[in-house]
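Following: one structure in structure tokens, then a few remarks.
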Amino acid sequence: MTTNESLMVRRQAAVANGVGQIHPIYTQRADNATVWDVEGREFIDFAGGIAVLNTGHLHDNVKAAVAEQLELFSHTCFMVLGYENYIQVCEKLNHLVPGDFAKKTALFTSGSEAVENAVKVARAYTKRSGVIAFTSGYHGRTMAALALTGKVAPYSKGMGLMSANVFRAEFPCELHGVSDEDAISSIERIFKNDAEPDDIAAIIIEPVQGEGGFYHTSVEFMQRLRQLCDKHGIMLIADEVQTGAGRTGTFFAMEQMKVSADITTFAKSIAGGFPLSGITGRAEVMDSIGAGGLGGTYGGSPLACAAALAVIEVFEEEQLLQRANALGAKLKESLNAMASKHEPIVDVRGLGAMIAVELMQEGKPAPELCAQILKEARDRGLILLSCGTYGNVLRILVPLTAPDEQIDKGLEIIQSCFEVVLKPA
């Protein structure tokens, strides 16, 4: 019999150490918000493949769409022979991405590719090379994206200095003593000390930080950032790889910020588990790169495009944006009740169903406690994730399609985990 332990031994012999793995579990099959491992054990999935499965594992509509496409063809490379569903996805995203202006879209495979191509477009349009990113931001593991990512370990540890022309501003986070004013002032300091505004092509920001801890900007801060970009002719890039496809209760989180980005990145849940990413931006900005300057062999795969069209349809048919908001309210209500009983829970936050629980002990981040909760939850049949600069934040990314009874069971497990782990010795 194949076991998790035997597969872990094989993994250690065959897979590079740099490929991490949060849980020592190997999946046999999955359905909606339930996963079964190779030993037949059942788990409730509150991780969603790190925000990839907003429509759940193997949604029937997504399966049907991909199966239908697979009967026709699996690949041509859109840059060689085009196909309609690539165009259809671009048309849909041009409509869904916020902004009252003409838009165009380009499709890729991964979130990192989307980020790197967004920066390429911004540089081509502005004829500038500098980029401002934020502390604790996460934008990917490829080289240019890694330079933008505001956390060294584990992402760039031991790899030397990343590429130049990236400057780091403070991300506003009241919980950790950084106000909106502090964050804006940090950008002004960059303009004064490091690079004048005319050297900056873009400011890239996650409306809600993903790996950084699910901190979200205020509407006022994003509006000030938009004004600053407009003043200096800087492109505002919204990295919505994790927040996109309905996780925050609107299809894109920037819809809640009352301003629009010049370029928006998306990936993860847009195709329900199939690899697809892209950038959508102002048409004149997107057209600043000539034919051949954007693309990739697998970018906008016909199978992934079929899946994406099905995902967008599911959101409409099953009213998943409303579900995200209702689910988020339910999660926060229960988690706040736990916070009233357990002192280490210092904050419960999130937009829509992108929910985080921050843990601190004696006034300091508590990553060890967070790790204990993850392990205890796994032992009880619940898959959770952590995040944050200090690894002290529990994050919940349960599929929006999960039934209420399964959500309730997952919350009961979280409550029992805190009771066991925090029980006096």
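Chains: A, B, ... in order of the structure tokens. Residues: from 1 per chain. Ligands: from 1, in order shown.
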Original post:
Any idea what's packed within 9 Å of Gln406 of chain A, counting only C-alpha atoms, ignoring anything in its chain fewer than 4 positions away? Could you give it as a list in words?
Top reply: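 My list of contacting residues is Ala33, Thr34, Ile44, Ala402, Gly410 and Leu411 of chain A.
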Subject >> Val398 of chain A surroundings by only C-alpha atoms, 8 Å radius, close-in-sequence under 3 positions cut, as a list in words >> reply: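 Listed by chain and then number, they are Ala33, Asp45, Phe46, Ala47, Gly48, Ala51, Leu53, Asn54, Ala353 and Ala402 of chain A.
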**OP:** Please identify all polymer residues within 7 Å of segment 189-205 of chain A, counting only C-alpha atoms, omitting same-chain residues fewer than 5 positions from it, and present them as a list in words.
**Re:**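 Returned residues: Ala122, Arg123, Thr126, Arg128, Ser129, Gly130, Val131, Ile132, Ala133, Phe134, His232, Ile234, Met235, Leu236, Ile237, Ala238 and Asp239 of chain A.
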Original post:
Looking at only C-alpha atoms, which of A:Leu422, A:Leu359, A:Ala267, A:Ile413 is the one that sits closest to Ile50 of chain A?
Top reply: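 Closest to Ile50 of chain A, using only C-alpha atoms: A:Ala267.
You will find atom CA of Gly18 of chain A at 19.5 Å from atom CA of Leu148 of chain A.
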Original post:
So which bits of segment 17-58 of chain A end up strand (DSSP E) when you DSSP the backbone, as JSON, numbers by chain?
Top reply: {"A": [27, 28, 29, 30, 31, 34, 35, 36, 37, 42, 43, 44, 45]}
Just to be explicit: take each residue in the selection above, keep all heavy atoms, and write the result as a short mmCIF file (atom, residue, chain, number, x, y, z; two decimals), in the first residue's frame.
```cif
data_model
loop_
_atom_site.label_atom_id
_atom_site.label_comp_id
_atom_site.auth_asym_id
_atom_site.auth_seq_id
_atom_site.Cartn_x
_atom_site.Cartn_y
_atom_site.Cartn_z
N THR A 27 -2.28 13.56 -2.08
CA THR A 27 -3.69 13.53 -2.47
C THR A 27 -3.98 12.37 -3.42
O THR A 27 -3.24 12.14 -4.39
CB THR A 27 -4.09 14.85 -3.13
OG1 THR A 27 -3.76 15.93 -2.26
CG2 THR A 27 -5.57 14.87 -3.44
N GLN A 28 -5.07 11.68 -3.17
CA GLN A 28 -5.56 10.64 -4.07
C GLN A 28 -6.67 11.18 -4.96
O GLN A 28 -6.68 10.97 -6.16
CB GLN A 28 -6.06 9.44 -3.26
CG GLN A 28 -6.61 8.30 -4.11
CD GLN A 28 -5.54 7.62 -4.95
OE1 GLN A 28 -4.44 7.38 -4.46
NE2 GLN A 28 -5.83 7.32 -6.20
N ARG A 29 -7.60 11.91 -4.35
CA ARG A 29 -8.70 12.51 -5.11
C ARG A 29 -9.29 13.66 -4.30
O ARG A 29 -8.98 13.81 -3.10
CB ARG A 29 -9.78 11.48 -5.43
CG ARG A 29 -10.47 10.87 -4.23
CD ARG A 29 -11.38 9.72 -4.64
NE ARG A 29 -12.03 9.10 -3.49
CZ ARG A 29 -13.25 9.45 -3.03
NH1 ARG A 29 -13.97 10.38 -3.65
NH2 ARG A 29 -13.76 8.84 -1.97
N ALA A 30 -10.11 14.48 -4.96
CA ALA A 30 -10.71 15.62 -4.29
C ALA A 30 -12.03 15.98 -4.96
O ALA A 30 -12.24 15.71 -6.15
CB ALA A 30 -9.76 16.83 -4.35
N ASP A 31 -12.92 16.56 -4.19
CA ASP A 31 -14.22 17.00 -4.70
C ASP A 31 -14.68 18.20 -3.90
O ASP A 31 -14.80 18.13 -2.67
CB ASP A 31 -15.25 15.86 -4.59
CG ASP A 31 -16.62 16.29 -5.09
OD1 ASP A 31 -16.73 16.70 -6.26
OD2 ASP A 31 -17.58 16.23 -4.29
N THR A 34 -13.42 18.89 -0.27
CA THR A 34 -12.99 17.67 0.41
C THR A 34 -11.84 17.03 -0.35
O THR A 34 -11.87 16.95 -1.58
CB THR A 34 -14.15 16.66 0.52
OG1 THR A 34 -15.28 17.29 1.14
CG2 THR A 34 -13.74 15.46 1.36
N VAL A 35 -10.85 16.59 0.40
CA VAL A 35 -9.68 15.91 -0.18
C VAL A 35 -9.49 14.57 0.53
O VAL A 35 -9.66 14.48 1.75
CB VAL A 35 -8.41 16.77 -0.01
CG1 VAL A 35 -7.17 16.00 -0.46
CG2 VAL A 35 -8.52 18.07 -0.78
N TRP A 36 -9.16 13.53 -0.24
CA TRP A 36 -8.83 12.23 0.33
C TRP A 36 -7.37 11.93 0.01
O TRP A 36 -6.92 12.10 -1.13
CB TRP A 36 -9.71 11.13 -0.26
CG TRP A 36 -11.14 11.22 0.17
CD1 TRP A 36 -11.74 10.57 1.22
CD2 TRP A 36 -12.18 11.99 -0.46
NE1 TRP A 36 -13.07 10.89 1.29
CE2 TRP A 36 -13.37 11.76 0.28
CE3 TRP A 36 -12.22 12.86 -1.55
CZ2 TRP A 36 -14.58 12.37 -0.07
CZ3 TRP A 36 -13.42 13.46 -1.89
CH2 TRP A 36 -14.59 13.21 -1.15
N ASP A 37 -6.63 11.49 1.01
CA ASP A 37 -5.21 11.20 0.76
C ASP A 37 -5.05 9.76 0.28
O ASP A 37 -6.03 9.01 0.14
CB ASP A 37 -4.35 11.52 1.98
CG ASP A 37 -4.54 10.54 3.14
OD1 ASP A 37 -5.26 9.53 3.00
OD2 ASP A 37 -3.96 10.80 4.22
N GLU A 42 -9.93 11.41 4.97
CA GLU A 42 -10.67 12.55 4.43
C GLU A 42 -10.30 13.83 5.16
O GLU A 42 -10.17 13.84 6.39
CB GLU A 42 -12.17 12.27 4.57
CG GLU A 42 -13.07 13.37 4.05
CD GLU A 42 -14.54 13.01 4.19
OE1 GLU A 42 -14.90 11.83 3.96
OE2 GLU A 42 -15.34 13.91 4.55
N PHE A 43 -10.14 14.91 4.40
CA PHE A 43 -9.81 16.22 4.96
C PHE A 43 -10.75 17.29 4.41
O PHE A 43 -11.14 17.24 3.24
CB PHE A 43 -8.37 16.62 4.60
CG PHE A 43 -7.31 15.72 5.16
CD1 PHE A 43 -6.91 14.59 4.46
CD2 PHE A 43 -6.71 16.00 6.38
CE1 PHE A 43 -5.93 13.75 4.98
CE2 PHE A 43 -5.73 15.16 6.90
CZ PHE A 43 -5.34 14.04 6.19
N ILE A 44 -11.07 18.25 5.25
CA ILE A 44 -11.75 19.47 4.80
C ILE A 44 -10.67 20.44 4.33
O ILE A 44 -9.70 20.70 5.05
CB ILE A 44 -12.58 20.10 5.93
CG1 ILE A 44 -13.64 19.12 6.42
CG2 ILE A 44 -13.23 21.40 5.46
CD1 ILE A 44 -14.36 19.59 7.68
N ASP A 45 -10.84 20.98 3.15
CA ASP A 45 -9.82 21.83 2.54
C ASP A 45 -10.14 23.30 2.76
O ASP A 45 -10.98 23.87 2.07
CB ASP A 45 -9.70 21.52 1.05
CG ASP A 45 -8.56 22.27 0.39
OD1 ASP A 45 -7.83 22.98 1.09
OD2 ASP A 45 -8.42 22.14 -0.85
#
```
**OP:** Can you work out the spacing between atom CA of Val346 of chain A and atom CA of Gly381 of chain A in Å, to one decimal?
**Re:** 25.1 Å
Original post:
From the set A:Thr250, A:Asn117, A:Ser163, A:Ser260, which residue has the shortest atom-to-atom contact distance to Gly296 of chain A, counting only C-alpha atoms?
Top reply: A:Asn117
Residues near Leu175 of chain A, anyone? I mean within 12 Å using only C-alpha atoms, not counting same-chain ones fewer than 6 positions away, as an mmCIF file with N, CA and C atoms, in the first residue's frame.
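New file part.cif:
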```
data_model
loop_
_atom_site.group_PDB
_atom_site.id
_atom_site.type_symbol
_atom_site.label_atom_id
_atom_site.label_comp_id
_atom_site.auth_asym_id
_atom_site.auth_seq_id
_atom_site.Cartn_x
_atom_site.Cartn_y
_atom_site.Cartn_z
ATOM 1 N N GLY A 213 0.231 38.492 4.811
ATOM 2 C CA GLY A 213 -0.599 38.430 6.009
ATOM 3 C C GLY A 213 -2.037 38.866 5.869
ATOM 4 N N TYR A 215 -3.292 41.687 5.044
ATOM 5 C CA TYR A 215 -3.578 43.086 5.376
ATOM 6 C C TYR A 215 -4.090 43.767 4.106
ATOM 7 N N HIS A 216 -5.153 44.545 4.230
ATOM 8 C CA HIS A 216 -5.670 45.246 3.053
ATOM 9 C C HIS A 216 -5.525 46.751 3.222
ATOM 10 N N VAL A 346 -5.182 38.136 18.161
ATOM 11 C CA VAL A 346 -5.196 39.590 18.309
ATOM 12 C C VAL A 346 -5.937 40.290 17.186
ATOM 13 N N ASP A 347 -6.206 39.577 16.087
ATOM 14 C CA ASP A 347 -6.911 40.220 14.982
ATOM 15 C C ASP A 347 -7.546 39.171 14.089
ATOM 16 N N VAL A 348 -8.780 39.439 13.687
ATOM 17 C CA VAL A 348 -9.473 38.654 12.668
ATOM 18 C C VAL A 348 -9.849 39.642 11.571
ATOM 19 N N ARG A 349 -9.432 39.379 10.343
ATOM 20 C CA ARG A 349 -9.621 40.380 9.295
ATOM 21 C C ARG A 349 -9.829 39.708 7.939
ATOM 22 N N GLU A 358 -4.583 36.592 13.147
ATOM 23 C CA GLU A 358 -3.219 36.893 13.574
ATOM 24 C C GLU A 358 -3.015 36.477 15.022
ATOM 25 N N LEU A 359 -1.895 35.799 15.279
ATOM 26 C CA LEU A 359 -1.590 35.262 16.599
ATOM 27 C C LEU A 359 -0.345 35.939 17.179
ATOM 28 N N MET A 360 -0.467 36.393 18.425
ATOM 29 C CA MET A 360 0.664 36.989 19.131
ATOM 30 C C MET A 360 0.636 36.529 20.582
ATOM 31 N N GLY A 363 2.944 40.123 23.347
ATOM 32 C CA GLY A 363 3.187 41.267 22.491
ATOM 33 C C GLY A 363 4.053 41.004 21.276
ATOM 34 N N LYS A 364 4.375 39.737 21.003
ATOM 35 C CA LYS A 364 5.231 39.398 19.877
ATOM 36 C C LYS A 364 4.531 38.389 18.964
ATOM 37 N N PRO A 365 4.881 38.399 17.666
ATOM 38 C CA PRO A 365 4.317 37.399 16.759
ATOM 39 C C PRO A 365 4.573 35.989 17.269
#
```
**OP:** Apply DSSP to the backbone of this structure and, from segment 84-317 of chain A, keep only the residues in helix (DSSP H, G or I); write these as a PyMOL selection string.
**Re:** chain A and resi 84-96+111-126+143-148+174-176+180-193+197-199+219-232+253-256+268-271+283-286+302-317
